[in-house]
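Notes follow the structure.
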Amino acid sequence: MMIRVAAVGDIHMGPESQGLLRPAFETLPDCADLLLLAGDLTRHGTPEEARVVAQEVRDLPVPVVAVLGNHDHHDEQPEKVTALLQDAGVRVLEGEGTVVDCAGTRVGIAGTKGFGGGFVGRSAGEFGEPVMKEFVRTTRRSADSLHAALKELDEEGCAARVALTHFSPVADTLAGEPLEIHPFLGSYLLAEAIDTAGADLAVHGHAHLGSEHGMTAGGVRVRNVAQPVIRRAFNVYRLGTS
């Protein structure tokens, strides 16, 4: 069976963007089995902006699964943003997994925002000042939770598994972004978690000037679905299941 996964991130909605994506989202049953939102759904993480996003996806005829992004944390009210999205029927993940039924096929989504730190050979380490150690530990905790969620979904017998993050697990999908900011766009720790636990697809956002296609060292497809990259309401990716 082929599972059709629609995904988009970095839609950065505000009060004046109400209704902008809804017409496209209403076509989802014709082309996709579920919708993944890869963070930065709002501009500043305010409840007002979150209500706009909630209305955009409320009562869609396909399951909607999301993670938050750094913009969704800016107003320091991520719990309110999460609650408003959940009230609209969105499954918001942070270090956990969920199972979606797609025409009788169990598809597992493991999600976490992720964080920065850089990539192999050019990454930050847990050394020195406490604030530097905490920076890297934040990413490690996020990666560890992603790993645990993916493993749990495997044990639950999911036919396919997707890793959903906001920050990137690989440098491939950052091509086009200045090298100087790569450490703030993602971390190799996320890719390690994906490769060691296993997944069929990894989806992220955050890198507006990046590239769509990438791959982990272990061969897992990675897709940057930031809207400035894909330049449409969503892209659809296909997963084959046995």
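A note on labels: chains of the structure tokens are A, B, ... as shown, every chain counts residues from 1, and ligands are counted from 1 in their shown order.
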
Exercise: Val220 of chain A partners within 9 Å, only C-alpha atoms, chain neighbours under 2 positions left out, as a PyMOL selection string: chain A and resi 191+194-195+198-202+214-218+222

Only N, CA, C and O atoms, please: the residues just picked out, written as a compact mmCIF listing (two decimals), in the first residue's frame.
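So selection.txt came out as:
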# COMPACT_ATOMS: atom_id res chain seq x y z
N ALA A 191 19.67 13.29 13.52
CA ALA A 191 19.88 12.25 12.50
C ALA A 191 20.34 10.95 13.13
O ALA A 191 19.92 9.86 12.70
N ILE A 194 17.34 9.23 14.46
CA ILE A 194 16.53 8.68 13.38
C ILE A 194 17.16 7.40 12.83
O ILE A 194 16.47 6.39 12.62
N ASP A 195 18.46 7.42 12.62
CA ASP A 195 19.12 6.25 12.05
C ASP A 195 19.17 5.07 13.01
O ASP A 195 19.01 3.92 12.59
N GLY A 198 15.36 4.05 13.48
CA GLY A 198 14.73 3.67 12.22
C GLY A 198 13.53 4.54 11.89
O GLY A 198 12.72 4.87 12.76
N ALA A 199 13.43 4.91 10.63
CA ALA A 199 12.29 5.68 10.13
C ALA A 199 12.26 5.54 8.61
O ALA A 199 13.26 5.19 7.98
N ASP A 200 11.11 5.83 8.03
CA ASP A 200 10.96 5.77 6.58
C ASP A 200 11.07 7.13 5.92
O ASP A 200 11.32 7.23 4.71
N LEU A 201 10.90 8.18 6.72
CA LEU A 201 10.95 9.54 6.20
C LEU A 201 11.18 10.49 7.37
O LEU A 201 10.67 10.26 8.47
N ALA A 202 11.95 11.55 7.14
CA ALA A 202 12.14 12.61 8.12
C ALA A 202 11.73 13.93 7.48
O ALA A 202 12.14 14.23 6.35
N GLY A 214 17.29 15.75 1.11
CA GLY A 214 18.48 15.33 1.83
C GLY A 214 18.35 13.89 2.27
O GLY A 214 17.34 13.23 2.01
N MET A 215 19.39 13.41 2.96
CA MET A 215 19.38 12.02 3.42
C MET A 215 20.29 11.89 4.62
O MET A 215 21.34 12.53 4.70
N THR A 216 19.89 11.05 5.57
CA THR A 216 20.76 10.78 6.72
C THR A 216 21.87 9.84 6.29
O THR A 216 21.81 9.21 5.22
N ALA A 217 22.87 9.70 7.15
CA ALA A 217 23.97 8.78 6.85
C ALA A 217 23.46 7.35 6.72
O ALA A 217 24.03 6.54 5.99
N GLY A 218 22.37 7.05 7.41
CA GLY A 218 21.80 5.71 7.36
C GLY A 218 20.83 5.49 6.21
O GLY A 218 20.25 4.41 6.08
N VAL A 222 15.23 12.70 3.91
CA VAL A 222 14.94 13.91 4.69
C VAL A 222 14.37 14.95 3.74
O VAL A 222 14.91 15.17 2.65

Shell around Leu85 of chain A at 8 Å using only C-alpha atoms, local window under 6 positions removed, as a PDB file with all heavy atoms, in the first residue's frame:
ATOM      1  N   ALA A  50      -2.116  31.759  17.070  1.00  0.00           N
ATOM      2  CA  ALA A  50      -2.421  30.327  17.133  1.00  0.00           C
ATOM      3  C   ALA A  50      -3.881  30.055  16.800  1.00  0.00           C
ATOM      4  O   ALA A  50      -4.208  29.030  16.182  1.00  0.00           O
ATOM      5  CB  ALA A  50      -2.091  29.782  18.518  1.00  0.00           C
ATOM      6  N   ARG A  51      -4.771  30.966  17.166  1.00  0.00           N
ATOM      7  CA  ARG A  51      -6.192  30.794  16.824  1.00  0.00           C
ATOM      8  C   ARG A  51      -6.392  30.830  15.309  1.00  0.00           C
ATOM      9  O   ARG A  51      -7.259  30.135  14.773  1.00  0.00           O
ATOM     10  CB  ARG A  51      -7.030  31.877  17.506  1.00  0.00           C
ATOM     11  CG  ARG A  51      -7.170  31.690  19.006  1.00  0.00           C
ATOM     12  CD  ARG A  51      -8.138  32.679  19.625  1.00  0.00           C
ATOM     13  NE  ARG A  51      -8.101  32.575  21.076  1.00  0.00           N
ATOM     14  CZ  ARG A  51      -7.374  33.346  21.866  1.00  0.00           C
ATOM     15  NH1 ARG A  51      -6.645  34.335  21.334  1.00  0.00           N
ATOM     16  NH2 ARG A  51      -7.376  33.170  23.168  1.00  0.00           N
ATOM     17  N   VAL A  53      -4.190  29.788  13.048  1.00  0.00           N
ATOM     18  CA  VAL A  53      -3.738  28.480  12.557  1.00  0.00           C
ATOM     19  C   VAL A  53      -4.792  27.419  12.859  1.00  0.00           C
ATOM     20  O   VAL A  53      -5.112  26.571  12.010  1.00  0.00           O
ATOM     21  CB  VAL A  53      -2.391  28.090  13.192  1.00  0.00           C
ATOM     22  CG1 VAL A  53      -1.928  26.732  12.663  1.00  0.00           C
ATOM     23  CG2 VAL A  53      -1.330  29.147  12.921  1.00  0.00           C
ATOM     24  N   ALA A  54      -5.340  27.463  14.076  1.00  0.00           N
ATOM     25  CA  ALA A  54      -6.347  26.480  14.477  1.00  0.00           C
ATOM     26  C   ALA A  54      -7.549  26.504  13.538  1.00  0.00           C
ATOM     27  O   ALA A  54      -8.050  25.444  13.128  1.00  0.00           O
ATOM     28  CB  ALA A  54      -6.782  26.745  15.920  1.00  0.00           C
ATOM     29  N   ARG A  91      -2.916  16.932  16.566  1.00  0.00           N
ATOM     30  CA  ARG A  91      -2.078  16.194  17.517  1.00  0.00           C
ATOM     31  C   ARG A  91      -0.718  16.887  17.551  1.00  0.00           C
ATOM     32  O   ARG A  91       0.029  16.828  16.560  1.00  0.00           O
ATOM     33  CB  ARG A  91      -1.925  14.736  17.097  1.00  0.00           C
ATOM     34  CG  ARG A  91      -3.247  14.020  16.857  1.00  0.00           C
ATOM     35  CD  ARG A  91      -3.039  12.559  16.511  1.00  0.00           C
ATOM     36  NE  ARG A  91      -4.203  12.009  15.827  1.00  0.00           N
ATOM     37  CZ  ARG A  91      -4.342  10.727  15.489  1.00  0.00           C
ATOM     38  NH1 ARG A  91      -3.368   9.862  15.765  1.00  0.00           N
ATOM     39  NH2 ARG A  91      -5.424  10.313  14.862  1.00  0.00           N
ATOM     40  N   VAL A  92      -0.421  17.560  18.645  1.00  0.00           N
ATOM     41  CA  VAL A  92       0.835  18.309  18.773  1.00  0.00           C
ATOM     42  C   VAL A  92       1.816  17.463  19.576  1.00  0.00           C
ATOM     43  O   VAL A  92       1.534  17.088  20.715  1.00  0.00           O
ATOM     44  CB  VAL A  92       0.608  19.674  19.455  1.00  0.00           C
ATOM     45  CG1 VAL A  92       1.910  20.465  19.493  1.00  0.00           C
ATOM     46  CG2 VAL A  92      -0.476  20.469  18.719  1.00  0.00           C
TER      47      VAL A  92
END

How would you write, as a ChimeraX atom specification, the set of residues in segment 13-239 of chain A that DSSP gives as helix (DSSP H, G or I)? /A:15-17,22-25,28-31,47-57,71-73,78-87,130-155,172-174,179-184,188-197,227-230

Could you list, as a PyMOL selection string, every residue within 8 Å of Gly117 of chain A, counting only C-alpha atoms and ignoring same-chain residues fewer than 2 positions away? chain A and resi 115+119+123-125+135-136+139+183-188

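The closest residue to Thr165 of chain A, picked from A:Ala24, A:Cys31, A:Leu146, A:Met1 and counting only C-alpha atoms, is A:Leu146.
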
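Closest to Thr173 of chain A among A:Leu190, A:Asn224, A:Ala148, A:His208 is A:Asn224, based on only C-alpha atoms.
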